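Text of coords_14.txt (compact mmCIF, C-alpha atoms and all ligand atoms) as supplied:
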```txt
# COMPACT_ATOMS: atom_id res chain seq x y z
CA MET U 869 8.25 -26.42 68.66
CA ILE U 870 7.08 -23.86 66.11
CA TYR U 871 6.25 -25.92 63.04
CA LEU U 872 6.54 -23.93 59.82
CA ASP U 873 7.09 -26.79 57.37
CA ASN U 874 3.45 -27.33 56.51
CA ALA U 875 4.18 -27.34 52.76
CA ALA U 876 5.96 -30.67 53.30
CA THR U 877 3.13 -32.09 55.38
CA THR U 878 0.80 -30.43 57.85
CA PHE U 879 1.44 -30.90 61.55
CA PRO U 880 -0.23 -31.33 63.94
CA LYS U 881 -3.30 -33.08 62.57
CA PRO U 882 -6.72 -32.17 63.98
CA ASP U 883 -8.02 -34.35 66.82
CA CYS U 884 -10.96 -35.47 64.67
CA VAL U 885 -8.47 -36.99 62.20
CA ILE U 886 -6.51 -38.77 64.92
CA ASP U 887 -9.75 -40.04 66.50
CA ALA U 888 -11.04 -41.32 63.15
CA ILE U 889 -7.82 -43.26 62.52
CA THR U 890 -7.89 -44.74 66.02
CA ASP U 891 -11.56 -45.64 65.66
CA PHE U 892 -10.89 -47.26 62.30
CA LEU U 893 -8.10 -49.39 63.70
CA LYS U 894 -10.12 -50.40 66.76
CA ASN U 895 -13.56 -50.90 65.30
CA CYS U 896 -13.62 -50.88 61.57
CA GLY U 897 -10.57 -52.65 60.18
CA GLY U 898 -11.96 -54.87 57.42
CA ASN U 899 -10.50 -54.70 53.93
CA PRO U 900 -12.76 -52.44 51.83
CA SER U 901 -14.45 -54.11 48.84
CA ARG U 902 -13.03 -57.48 49.88
CA GLY U 903 -15.66 -59.88 51.22
CA GLY U 904 -19.24 -59.24 52.18
CA HIS U 905 -18.83 -59.16 55.94
CA TYR U 906 -19.73 -56.32 58.26
CA LEU U 907 -16.21 -54.96 58.89
CA SER U 908 -15.37 -54.93 55.20
CA ALA U 909 -18.60 -53.05 54.47
CA LEU U 910 -17.85 -50.60 57.28
CA SER U 911 -14.43 -49.68 55.98
CA GLY U 912 -15.76 -49.62 52.39
CA GLU U 913 -18.29 -47.06 53.56
CA LYS U 914 -15.56 -44.82 55.05
CA VAL U 915 -13.68 -44.92 51.75
CA PHE U 916 -16.83 -44.06 49.83
CA LEU U 917 -17.69 -41.17 52.18
CA CYS U 918 -14.22 -39.72 51.70
CA ARG U 919 -14.59 -39.95 47.91
CA GLU U 920 -17.89 -38.05 48.20
CA GLU U 921 -16.34 -35.43 50.47
CA LEU U 922 -13.43 -34.75 48.12
CA ALA U 923 -15.74 -34.71 45.10
CA SER U 924 -17.96 -32.14 46.82
CA LEU U 925 -14.90 -30.00 47.69
CA ILE U 926 -14.33 -29.50 43.96
CA GLY U 927 -18.04 -29.33 43.12
CA VAL U 928 -18.46 -32.61 41.21
CA ASP U 929 -21.17 -35.20 41.71
CA THR U 930 -19.10 -38.11 40.40
CA PRO U 931 -17.28 -39.45 43.48
CA GLU U 932 -16.29 -42.57 41.53
CA GLN U 933 -13.98 -40.31 39.48
CA ILE U 934 -11.84 -39.73 42.59
CA VAL U 935 -9.00 -42.27 42.67
CA PHE U 936 -7.10 -42.71 45.93
CA THR U 937 -3.31 -42.79 45.75
CA LYS U 938 -0.55 -42.85 48.32
CA ASN U 939 0.51 -39.24 47.69
CA THR U 940 0.45 -36.47 45.08
CA THR U 941 3.42 -37.98 43.27
CA GLU U 942 1.54 -41.19 42.56
CA ALA U 943 -1.53 -39.22 41.43
CA LEU U 944 0.61 -37.15 39.01
CA ASN U 945 2.38 -40.27 37.70
CA LEU U 946 -0.93 -41.99 37.10
CA ALA U 947 -2.31 -39.01 35.15
CA ILE U 948 0.84 -38.28 33.12
CA LYS U 949 1.80 -41.89 32.29
CA GLY U 950 -1.82 -42.90 31.84
CA ILE U 951 -2.46 -40.27 29.16
CA LEU U 952 0.74 -39.91 27.17
CA SER U 953 2.05 -42.22 24.48
CA ARG U 954 4.87 -42.09 21.93
CA GLY U 955 4.87 -38.92 19.82
CA ASP U 956 2.64 -36.94 22.22
CA GLU U 957 3.77 -33.56 23.51
CA VAL U 958 3.38 -32.43 27.11
CA ILE U 959 3.78 -28.83 28.27
CA ILE U 960 4.80 -28.18 31.86
CA SER U 961 5.95 -25.02 33.64
CA SER U 962 9.48 -24.33 34.80
CA MET U 963 8.17 -24.19 38.40
CA GLU U 964 7.17 -27.86 38.53
CA HIS U 965 8.15 -30.14 41.39
CA ASN U 966 10.32 -33.20 40.63
CA SER U 967 7.17 -35.29 40.85
CA VAL U 968 6.22 -33.82 37.45
CA LEU U 969 9.67 -33.04 36.02
CA ARG U 970 11.24 -36.46 36.66
CA THR U 971 8.11 -38.25 35.48
CA CYS U 972 8.09 -36.34 32.18
CA VAL U 973 11.86 -36.58 31.65
CA ASP U 974 11.62 -40.34 32.19
CA LEU U 975 8.95 -40.50 29.49
CA GLU U 976 11.27 -38.83 26.97
CA LYS U 977 12.96 -42.27 26.71
CA GLU U 978 9.67 -43.56 25.34
CA GLY U 979 9.33 -40.88 22.67
CA ILE U 980 7.23 -38.31 24.55
CA ILE U 981 8.17 -34.71 23.76
CA LEU U 982 8.59 -32.44 26.78
CA LYS U 983 8.17 -28.67 26.47
CA ILE U 984 8.76 -26.29 29.34
CA ALA U 985 7.03 -22.90 29.66
CA ARG U 986 9.34 -20.60 31.57
CA ALA U 987 7.88 -18.75 34.54
CA ASP U 988 8.87 -15.14 35.23
CA SER U 989 10.87 -13.88 38.22
CA ARG U 990 7.70 -14.00 40.36
CA GLY U 991 7.41 -17.72 39.63
CA ILE U 992 4.31 -17.23 37.49
CA VAL U 993 3.68 -18.62 34.00
CA ASN U 994 2.27 -16.43 31.24
CA PRO U 995 -0.76 -18.19 29.64
CA ASP U 996 0.16 -16.69 26.24
CA GLU U 997 3.50 -18.49 26.40
CA VAL U 998 1.69 -21.77 27.03
CA LEU U 999 -0.64 -21.03 24.11
CA SER U 1000 2.32 -20.35 21.81
CA MET U 1001 3.77 -23.80 22.59
CA ILE U 1002 0.66 -25.82 21.70
CA THR U 1003 0.83 -27.83 18.47
CA ASN U 1004 -1.44 -30.49 17.02
CA ARG U 1005 0.64 -33.10 18.89
CA THR U 1006 0.10 -31.52 22.32
CA LYS U 1007 -1.89 -33.92 24.48
CA LEU U 1008 -1.41 -32.59 28.00
CA ILE U 1009 -0.59 -29.43 29.94
CA CYS U 1010 0.52 -29.99 33.52
CA MET U 1011 0.68 -26.99 35.81
CA ILE U 1012 1.54 -26.36 39.43
CA HIS U 1013 -1.15 -24.30 41.22
CA ILE U 1014 0.68 -22.83 44.25
CA SER U 1015 4.48 -23.01 44.05
CA ASN U 1016 6.03 -24.93 46.93
CA VAL U 1017 9.11 -22.70 46.57
CA THR U 1018 7.68 -19.18 46.33
CA GLY U 1019 4.00 -19.46 47.26
CA SER U 1020 3.09 -17.78 43.96
CA VAL U 1021 -0.17 -18.77 42.27
CA ASN U 1022 -0.41 -19.66 38.60
CA PRO U 1023 -3.38 -18.44 36.47
CA VAL U 1024 -4.57 -22.02 36.08
CA ARG U 1025 -8.16 -21.23 35.05
CA GLU U 1026 -6.90 -19.17 32.12
CA ILE U 1027 -4.44 -21.90 31.14
CA CYS U 1028 -7.13 -24.58 31.47
CA SER U 1029 -9.43 -22.57 29.24
CA ILE U 1030 -6.65 -22.27 26.63
CA ALA U 1031 -6.08 -26.03 26.87
CA ARG U 1032 -9.75 -26.82 26.32
CA LYS U 1033 -10.11 -24.44 23.36
CA ASN U 1034 -7.20 -26.32 21.75
CA GLY U 1035 -8.38 -29.84 22.53
CA VAL U 1036 -5.62 -30.41 25.11
CA LEU U 1037 -6.10 -31.97 28.56
CA MET U 1038 -5.13 -29.99 31.65
CA LEU U 1039 -3.62 -31.65 34.73
CA LEU U 1040 -3.46 -29.50 37.86
CA ASP U 1041 -0.88 -30.14 40.57
CA ALA U 1042 -2.93 -29.08 43.59
CA ALA U 1043 -0.46 -30.47 46.17
CA GLN U 1044 -0.15 -27.06 47.82
CA SER U 1045 -3.54 -25.59 46.93
CA GLY U 1046 -6.00 -28.35 47.90
CA GLY U 1047 -7.75 -26.98 51.00
CA VAL U 1048 -6.18 -23.52 50.59
CA LEU U 1049 -7.63 -22.16 47.32
CA ASP U 1050 -11.00 -22.71 45.63
CA ILE U 1051 -10.56 -25.51 43.14
CA ASP U 1052 -13.14 -26.75 40.69
CA THR U 1053 -13.27 -28.33 37.26
CA SER U 1054 -12.47 -25.01 35.57
CA CYS U 1055 -8.92 -25.53 36.94
CA GLY U 1056 -8.28 -28.90 35.33
CA ASP U 1057 -9.55 -32.07 33.68
CA MET U 1058 -7.45 -34.02 36.14
CA ILE U 1059 -6.49 -32.72 39.58
CA ALA U 1060 -3.80 -34.26 41.81
CA PHE U 1061 -4.22 -33.79 45.57
CA ALA U 1062 -2.07 -34.35 48.64
CA GLY U 1063 -4.26 -35.74 51.40
CA HIS U 1064 -1.51 -35.11 53.94
CA LYS U 1065 -0.98 -31.38 53.37
CA ALA U 1066 -3.79 -28.79 53.65
CA LEU U 1067 -6.52 -31.43 53.55
CA TYR U 1068 -5.19 -32.51 56.97
CA GLY U 1069 -5.22 -36.25 56.36
CA PRO U 1070 -2.30 -38.49 57.36
CA MET U 1071 0.78 -39.22 55.26
CA GLY U 1072 0.15 -42.01 52.78
CA THR U 1073 -2.96 -40.32 51.37
CA GLY U 1074 -3.43 -38.56 48.04
CA ALA U 1075 -5.99 -38.54 45.25
CA LEU U 1076 -6.50 -37.93 41.55
CA TYR U 1077 -9.72 -36.53 40.15
CA VAL U 1078 -10.27 -37.58 36.53
CA ARG U 1079 -13.09 -35.97 34.52
CA LYS U 1080 -15.68 -38.49 33.34
CA GLY U 1081 -14.96 -39.65 29.82
CA ILE U 1082 -11.16 -39.48 30.07
CA THR U 1083 -9.57 -42.90 29.64
CA LEU U 1084 -6.25 -43.67 31.28
CA ASP U 1085 -3.81 -46.55 31.23
CA THR U 1086 -3.21 -48.13 34.61
CA LEU U 1087 -0.07 -47.52 36.64
CA THR U 1088 -0.42 -50.66 38.76
CA GLU U 1089 -2.31 -53.87 38.13
CA GLY U 1090 -3.65 -56.34 40.65
CA GLY U 1091 -6.63 -57.33 42.72
CA THR U 1092 -9.59 -55.00 43.01
CA GLY U 1093 -12.08 -57.22 44.82
CA SER U 1094 -14.27 -57.09 41.68
CA PHE U 1095 -14.37 -58.90 38.27
CA SER U 1096 -11.90 -61.38 39.76
CA GLU U 1097 -12.55 -63.96 37.03
CA SER U 1098 -10.86 -61.68 34.48
CA ALA U 1099 -7.09 -61.45 34.00
CA LEU U 1100 -7.55 -57.84 32.90
CA MET U 1101 -8.07 -54.79 35.06
CA PRO U 1102 -11.73 -53.66 35.11
CA ASP U 1103 -12.59 -50.60 33.01
CA SER U 1104 -14.70 -48.98 35.70
CA PHE U 1105 -13.61 -46.09 37.95
CA PRO U 1106 -12.20 -46.03 40.54
CA GLU U 1107 -11.26 -49.71 40.90
CA ARG U 1108 -9.33 -49.73 37.60
CA PHE U 1109 -6.71 -47.56 39.28
CA GLU U 1110 -6.82 -48.86 42.84
CA ALA U 1111 -5.14 -52.26 42.62
CA GLY U 1112 -4.34 -53.86 45.97
CA THR U 1113 -5.46 -53.00 49.48
CA LEU U 1114 -6.17 -49.31 49.97
CA ASN U 1115 -4.88 -47.19 52.86
CA ALA U 1116 -8.44 -47.26 54.20
CA CYS U 1117 -7.30 -46.27 57.67
CA GLY U 1118 -5.58 -43.16 56.29
CA ILE U 1119 -8.57 -42.43 54.06
CA ALA U 1120 -10.86 -42.58 57.12
CA GLY U 1121 -8.61 -39.90 58.62
CA LEU U 1122 -8.61 -37.89 55.41
CA TYR U 1123 -12.42 -37.94 55.38
CA GLU U 1124 -12.43 -36.14 58.73
CA GLY U 1125 -9.62 -33.86 57.53
CA ILE U 1126 -11.62 -32.62 54.54
CA LYS U 1127 -14.68 -32.04 56.72
CA PHE U 1128 -12.44 -30.13 59.15
CA VAL U 1129 -11.16 -27.92 56.30
CA LYS U 1130 -14.74 -27.08 55.27
CA ARG U 1131 -16.04 -26.60 58.82
CA GLU U 1132 -13.22 -24.59 60.38
CA GLY U 1133 -12.53 -22.08 57.62
CA VAL U 1134 -9.00 -23.35 56.94
CA LYS U 1135 -8.80 -21.33 53.71
CA GLU U 1136 -9.55 -18.03 55.44
CA LYS U 1137 -7.07 -18.71 58.24
CA GLU U 1138 -4.35 -19.74 55.75
CA HIS U 1139 -4.82 -16.47 53.88
CA GLU U 1140 -4.65 -14.37 57.03
CA LEU U 1141 -1.54 -16.17 58.33
CA GLY U 1142 0.07 -16.09 54.88
CA LYS U 1143 -0.33 -12.32 54.68
CA PHE U 1144 1.12 -11.92 58.15
CA LEU U 1145 4.07 -14.20 57.33
CA ILE U 1146 4.91 -12.08 54.27
CA GLU U 1147 4.69 -8.86 56.33
CA GLN U 1148 6.92 -10.21 59.09
CA MET U 1149 9.53 -11.74 56.79
CA SER U 1150 9.69 -8.56 54.66
CA ALA U 1151 10.99 -6.75 57.73
CA VAL U 1152 13.87 -9.17 58.41
CA ARG U 1153 17.17 -7.55 57.44
CA ARG U 1154 19.51 -9.62 55.17
CA ALA U 1155 16.58 -11.81 54.12
CA LYS U 1156 14.81 -11.26 50.82
CA ILE U 1157 11.50 -12.75 49.73
CA ILE U 1158 11.88 -14.43 46.35
CA GLY U 1159 9.03 -14.50 43.86
CA SER U 1160 5.55 -13.30 44.56
CA PRO U 1161 4.06 -15.25 47.47
CA SER U 1162 0.38 -14.93 48.10
CA VAL U 1163 -0.53 -17.78 50.39
CA GLY U 1164 1.04 -20.18 52.85
CA VAL U 1165 4.63 -20.36 51.59
CA VAL U 1166 7.49 -17.86 51.70
CA GLY U 1167 10.94 -18.55 50.21
CA LEU U 1168 13.80 -16.36 51.46
CA SER U 1169 17.29 -15.80 50.12
CA LEU U 1170 19.77 -14.95 52.87
CA SER U 1171 22.68 -12.72 52.08
CA GLY U 1172 25.99 -14.04 53.39
CA HIS U 1173 24.46 -17.12 55.01
CA ASP U 1174 23.97 -20.73 54.01
CA CYS U 1175 20.24 -21.42 54.18
CA VAL U 1176 20.73 -25.00 55.42
CA ASP U 1177 22.93 -23.77 58.29
CA VAL U 1178 20.31 -21.18 59.20
CA ALA U 1179 17.52 -23.78 59.17
CA THR U 1180 19.64 -26.04 61.39
CA ARG U 1181 20.27 -23.21 63.84
CA LEU U 1182 16.58 -22.27 63.90
CA ASP U 1183 15.81 -25.88 64.78
CA ARG U 1184 18.57 -26.41 67.38
CA GLU U 1185 18.61 -22.99 69.02
CA HIS U 1186 15.01 -21.82 68.65
CA ASN U 1187 12.96 -25.00 68.16
CA ILE U 1188 11.60 -23.77 64.82
CA ALA U 1189 10.99 -26.20 61.93
CA SER U 1190 11.57 -24.74 58.46
CA ARG U 1191 12.85 -26.24 55.20
CA ALA U 1192 16.01 -25.15 53.40
CA GLY U 1193 17.56 -26.15 50.08
CA LEU U 1194 15.91 -26.95 46.76
CA HIS U 1195 12.54 -28.31 47.97
CA CYS U 1196 12.57 -31.11 45.34
CA SER U 1197 12.17 -28.36 42.76
CA PRO U 1198 15.55 -27.68 41.11
CA MET U 1199 13.93 -26.35 37.93
CA ALA U 1200 12.00 -23.74 39.94
CA HIS U 1201 15.23 -22.67 41.63
CA ARG U 1202 16.96 -22.39 38.25
CA THR U 1203 14.08 -20.21 37.06
CA LEU U 1204 14.44 -17.96 40.11
CA GLY U 1205 18.26 -17.87 40.00
CA THR U 1206 18.59 -19.61 43.38
CA ILE U 1207 19.91 -23.00 42.26
CA THR U 1208 23.31 -22.59 43.93
CA SER U 1209 22.17 -20.98 47.18
CA GLY U 1210 18.77 -22.61 47.64
CA LEU U 1211 16.18 -20.83 49.80
CA LEU U 1212 14.93 -20.93 53.35
CA ARG U 1213 11.21 -21.72 53.31
CA PHE U 1214 8.56 -21.11 55.93
CA SER U 1215 5.08 -22.50 55.34
CA THR U 1216 2.07 -21.98 57.58
CA GLY U 1217 -0.79 -24.26 58.56
CA PHE U 1218 -4.10 -23.92 60.37
CA PHE U 1219 -2.59 -24.44 63.81
CA ASN U 1220 0.04 -21.69 63.59
CA THR U 1221 -0.49 -18.39 65.37
CA LYS U 1222 0.61 -14.85 64.60
CA GLU U 1223 2.69 -14.96 67.79
CA GLU U 1224 4.65 -17.92 66.40
CA ILE U 1225 5.30 -16.08 63.16
CA THR U 1226 6.48 -12.97 65.01
CA ALA U 1227 8.77 -15.11 67.17
CA THR U 1228 10.16 -16.80 64.04
CA ALA U 1229 10.96 -13.49 62.35
CA TYR U 1230 12.71 -12.37 65.53
CA ALA U 1231 14.70 -15.62 65.80
CA LEU U 1232 15.69 -15.46 62.13
CA GLN U 1233 16.95 -11.90 62.59
CA LYS U 1234 19.01 -13.02 65.56
CA VAL U 1235 20.54 -15.96 63.66
CA LEU U 1236 21.37 -13.74 60.68
CA GLU U 1237 23.12 -11.22 62.94
CA ASN U 1238 25.33 -13.79 64.66
C1 LIG A 1 3.82 -28.69 44.28
C2 LIG A 1 4.07 -30.08 44.73
N1 LIG A 1 3.80 -31.10 43.91
C3 LIG A 1 3.99 -32.38 44.28
C4 LIG A 1 4.49 -32.69 45.52
C5 LIG A 1 4.67 -34.12 45.91
O1 LIG A 1 3.78 -34.40 46.92
P1 LIG A 1 3.77 -35.78 47.72
O2 LIG A 1 4.85 -35.67 48.71
O3 LIG A 1 2.40 -35.83 48.31
O4 LIG A 1 4.00 -36.86 46.73
C6 LIG A 1 4.81 -31.66 46.41
C7 LIG A 1 5.38 -31.95 47.74
O5 LIG A 1 5.80 -31.13 48.48
C8 LIG A 1 4.59 -30.33 46.01
O6 LIG A 1 4.86 -29.30 46.83
```
Could I get this file's structure written as structure tokens?
Amino acid sequence: MIYLDNAATTFPKPDCVIDAITDFLKNCGGNPSRGGHYLSALSGEKVFLCREELASLIGVDTPEQIVFTKNTTEALNLAIKGILSRGDEVIISSMEHNSVLRTCVDLEKEGIILKIARADSRGIVNPDEVLSMITNRTKLICMIHISNVTGSVNPVREICSIARKNGVLMLLDAAQSGGVLDIDTSCGDMIAFAGHKALYGPMGTGALYVRKGITLDTLTEGGTGSFSESALMPDSFPERFEAGTLNACGIAGLYEGIKFVKREGVKEKEHELGKFLIEQMSAVRRAKIIGSPSVGVVGLSLSGHDCVDVATRLDREHNIASRAGLHCSPMAHRTLGTITSGLLRFSTGFFNTKEEITATAYALQKVLEN
């Protein structure tokens, strides 16, 4: 199998991640922060180490400001719903994933005002357009970093700087960029991560970084293993936002995944493979690259072919995993003019090779000619 659906979730996972999960389940399975016994302390330590590792990836020394979630969607929901209240305005881009779009549209029922900055045909938002939309009611800007449809990169540092000059908070959707691009606090006041994509953790892991000093409402209430005498959620990070038992086993895997990303030069390899993918796909006749990909993801429109049929044939006839359709991002497809046709997407990961990409371009050409 040639797996080129890494934008959905990376596969395979590194051995160190698999070993860490197995080790956790065999030797370490206490409930973190619940009870003072050895196994609880051991798993609590794994969770803490992972917080430190993710904090250091973005250059902050406040690991307690990293909140673990089950995926990027939950991290984005926590940030957006935790910050906004009736009468507030939120600005998002027209390239956002449904995890942002649906969340914000749902909030319109509660009197939140949604404004959408339209990206250009490359899938990139103009910071001046964002600036022109800010009013004294604007509370939050939420921006996708790398598009999961086109692989284009938004100028998020510029937009974050505009947000800060205007007293607005910036939330970065780093689902596709965590592990692939340099990310630090100049990109956002809150940063939502997918543990299971280019940070190489298992599914069921995600995180939200929240800058110290920002106060958020909770998304979920329940037990935290601390301040149990109170009927209210504690104010302190991260337990305020981590009600219920954590996916400590997954987080133990994510800890090794983040170390793997740092150790193995995942970023450099992703850039090299991404460039090669663009070169190879540019040469496929009857396929056209949409937008302006720069890393990891390429979206193709196919003349005279249904992209879902082509993806199915690539899977059945050539054992190649791709992703066709709207990629949970209908607004991005409307922006790009591909809402009726959808696109065929290939997305690379650390374990792909140039040979696999060449073979995929060849197979795609064959499918498009038959
Ligand atoms: C840009 C972007 N944001 C958010 C998400 C949602 O991520 P998750 O599946 O981790 O909730 C995705 C998933 O593909 C994505 O590509």
Contacts of ligand LIG 1 (chain A), 7 Å or closer, only C-alpha atoms and all ligand atoms, given as a PyMOL selection string: chain U and resi 875-876+939-942+964-965+967+1012+1014-1016+1041-1044+1062+1064+1074
Within 8 Å of Gly955 in chain U, counting all atoms listed in the file, which residues qualify if same-chain residues fewer than 3 places away don't, as a count of residues only? 4
Using only C-alpha atoms, which protein or nucleic acid residues come within 12 Å of Glu978 in chain U? Drop anything in the same chain fewer than 4 positions from it, and give the result as a PyMOL selection string. chain U and resi 949+952-957+971-974+982
Report, as lines of an AutoDock Vina configuration file, the axis-aligned box around all atoms of range 1152-1158 of chain U present in the file, extended by 8 Å on each side; give centre and edge lengths in Å to one decimal place.
```
center_x = 15.5
center_y = -11.0
center_z = 52.4
size_x = 24.0
size_y = 22.9
size_z = 28.1
```
Mind pulling up the distance from CA of Arg1025 in chain U to CA of Pro995 in chain U? 9.7 Å
Exercise: Glu932 in chain U partners within 8 Å, all atoms listed in the file, chain neighbours under 2 positions left out, as a PDB file with C-alpha atoms, in the coordinates of the input:
```pdb
ATOM      1  CA  ARG U 919     -14.590 -39.950  47.910  1.00  0.00           C
ATOM      2  CA  THR U 930     -19.100 -38.110  40.400  1.00  0.00           C
ATOM      3  CA  ILE U 934     -11.840 -39.730  42.590  1.00  0.00           C
ATOM      4  CA  VAL U 935      -9.000 -42.270  42.670  1.00  0.00           C
ATOM      5  CA  PHE U1105     -13.610 -46.090  37.950  1.00  0.00           C
ATOM      6  CA  PRO U1106     -12.200 -46.030  40.540  1.00  0.00           C
TER       7      PRO U1106
END
```
Using only C-alpha atoms, which of the listed residues (U:Met1011, U:Ala943, U:Val915, U:Met1001) sits closest to Thr1113 in chain U? U:Val915
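Proximity ranking of U:Glu1110, U:Asp1177, U:Asp1103, U:Asp988 relative to Gly1091 in chain U places U:Glu1110 first, based on only C-alpha atoms.
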At a cut-off of 10 Å, can you tabulate as a tab-separated table every residue of range 874-922 of chain U near range 1117-1137 of chain U together with its closest atom pair and the distance in Å to one decimal, using only C-alpha atoms and ordering rows by chain then number?
```
residue	atom	partner	partner_atom	distance
U:Lys881	CA	U:Gly1125	CA	8.1
U:Pro882	CA	U:Gly1125	CA	7.3
U:Asp883	CA	U:Glu1124	CA	9.4
U:Cys884	CA	U:Glu1124	CA	6.2
U:Val885	CA	U:Gly1121	CA	4.6
U:Ile886	CA	U:Gly1121	CA	6.7
U:Asp887	CA	U:Gly1121	CA	8.0
U:Ala888	CA	U:Gly1121	CA	5.3
U:Ile889	CA	U:Gly1121	CA	5.2
U:Thr890	CA	U:Cys1117	CA	8.5
U:Asp891	CA	U:Cys1117	CA	9.1
U:Phe892	CA	U:Cys1117	CA	5.9
U:Leu893	CA	U:Cys1117	CA	6.8
U:Cys896	CA	U:Cys1117	CA	8.7
U:Gly897	CA	U:Cys1117	CA	7.6
U:Gly898	CA	U:Cys1117	CA	9.8
U:Asn899	CA	U:Cys1117	CA	9.8
U:Ser911	CA	U:Ala1120	CA	8.0
U:Gly912	CA	U:Ala1120	CA	9.8
U:Glu913	CA	U:Ala1120	CA	9.4
U:Lys914	CA	U:Ala1120	CA	5.6
U:Val915	CA	U:Ile1119	CA	6.1
U:Phe916	CA	U:Tyr1123	CA	9.4
U:Leu917	CA	U:Tyr1123	CA	7.0
U:Cys918	CA	U:Tyr1123	CA	4.5
U:Arg919	CA	U:Tyr1123	CA	8.0
U:Glu920	CA	U:Tyr1123	CA	9.0
U:Glu921	CA	U:Tyr1123	CA	6.8
U:Leu922	CA	U:Ile1126	CA	7.0
```
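Distance annotation: of U:Gln933, U:Leu1114, U:Gly903, U:Ala1231, the residue with the minimal separation from Gly1072 in chain U is U:Leu1114; atom set is all atoms listed in the file.
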For the interface of range 932-974 of chain U with range 1191-1213 of chain U (cut-off 6 Å, counting all atoms listed in the file), please tabulate each contacting residue of range 932-974 of chain U alongside its nearest pair of atoms and their separation in Å to one decimal, rows sorted by chain and increasing number, as a tab-separated table.
```
residue	atom	partner	partner_atom	distance
U:Ser962	CA	U:Ala1200	CA	5.8
U:Met963	CA	U:Ala1200	CA	4.2
U:His965	CA	U:Ser1197	CA	4.6
U:Asn966	CA	U:Ser1197	CA	5.6
```
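With all atoms listed in the file as the atoms that count, the residue of U:Leu1049, U:Val1178, U:Ile1188, U:Ala1155 with the shortest distance to Val1235 in chain U is U:Val1178.
Between CA of Asn1220 in chain U and CA of Glu1147 in chain U the interatomic distance comes to 15.5 Å.
When only C-alpha atoms are used to measure the gap to Val1165 in chain U, the shortest distance among U:Leu872, U:Ala1189, U:Leu925, U:Ile959 belongs to U:Leu872.
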What's around Cys1055 in chain U at 12 Å? Count only C-alpha atoms, leave out sequence neighbours fewer than 2 positions away in its own chain, and write the answer as a JSON list (two decimals) with C-alpha atoms, in the frame of the given file.
```
[["chain", "number", "residue", "atom", "x", "y", "z"],
["U", 926, "ILE", "CA", -14.33, -29.50, 43.96],
["U", 927, "GLY", "CA", -18.04, -29.33, 43.12],
["U", 1009, "ILE", "CA", -0.59, -29.43, 29.94],
["U", 1010, "CYS", "CA", 0.52, -29.99, 33.52],
["U", 1011, "MET", "CA", 0.68, -26.99, 35.81],
["U", 1012, "ILE", "CA", 1.54, -26.36, 39.43],
["U", 1013, "HIS", "CA", -1.15, -24.30, 41.22],
["U", 1022, "ASN", "CA", -0.41, -19.66, 38.60],
["U", 1023, "PRO", "CA", -3.38, -18.44, 36.47],
["U", 1024, "VAL", "CA", -4.57, -22.02, 36.08],
["U", 1025, "ARG", "CA", -8.16, -21.23, 35.05],
["U", 1026, "GLU", "CA", -6.90, -19.17, 32.12],
["U", 1027, "ILE", "CA", -4.44, -21.90, 31.14],
["U", 1028, "CYS", "CA", -7.13, -24.58, 31.47],
["U", 1029, "SER", "CA", -9.43, -22.57, 29.24],
["U", 1030, "ILE", "CA", -6.65, -22.27, 26.63],
["U", 1031, "ALA", "CA", -6.08, -26.03, 26.87],
["U", 1032, "ARG", "CA", -9.75, -26.82, 26.32],
["U", 1037, "LEU", "CA", -6.10, -31.97, 28.56],
["U", 1038, "MET", "CA", -5.13, -29.99, 31.65],
["U", 1039, "LEU", "CA", -3.62, -31.65, 34.73],
["U", 1040, "LEU", "CA", -3.46, -29.50, 37.86],
["U", 1041, "ASP", "CA", -0.88, -30.14, 40.57],
["U", 1042, "ALA", "CA", -2.93, -29.08, 43.59],
["U", 1045, "SER", "CA", -3.54, -25.59, 46.93],
["U", 1046, "GLY", "CA", -6.00, -28.35, 47.90],
["U", 1049, "LEU", "CA", -7.63, -22.16, 47.32],
["U", 1050, "ASP", "CA", -11.00, -22.71, 45.63],
["U", 1051, "ILE", "CA", -10.56, -25.51, 43.14],
["U", 1052, "ASP", "CA", -13.14, -26.75, 40.69],
["U", 1053, "THR", "CA", -13.27, -28.33, 37.26],
["U", 1057, "ASP", "CA", -9.55, -32.07, 33.68],
["U", 1058, "MET", "CA", -7.45, -34.02, 36.14],
["U", 1059, "ILE", "CA", -6.49, -32.72, 39.58],
["U", 1060, "ALA", "CA", -3.80, -34.26, 41.81],
["U", 1077, "TYR", "CA", -9.72, -36.53, 40.15],
["U", 1079, "ARG", "CA", -13.09, -35.97, 34.52]]
```
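Computed from the coordinates, the CA of Arg902 in chain U to CA of Gly1093 in chain U distance equals 5.2 Å.
Compared by their closest atoms to Leu1087 in chain U, and using all atoms listed in the file, the residues U:Ser1215, U:Asn1115, U:Asn945, U:Asn895 rank with U:Asn945 nearest.
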Radius query 12 Å about (-1.2, -22.8, 64.3), atoms used: all atoms listed in the file, as a ChimeraX atom specification: /U:869-874,878-882,1134,1137-1138,1140-1142,1164,1215-1225
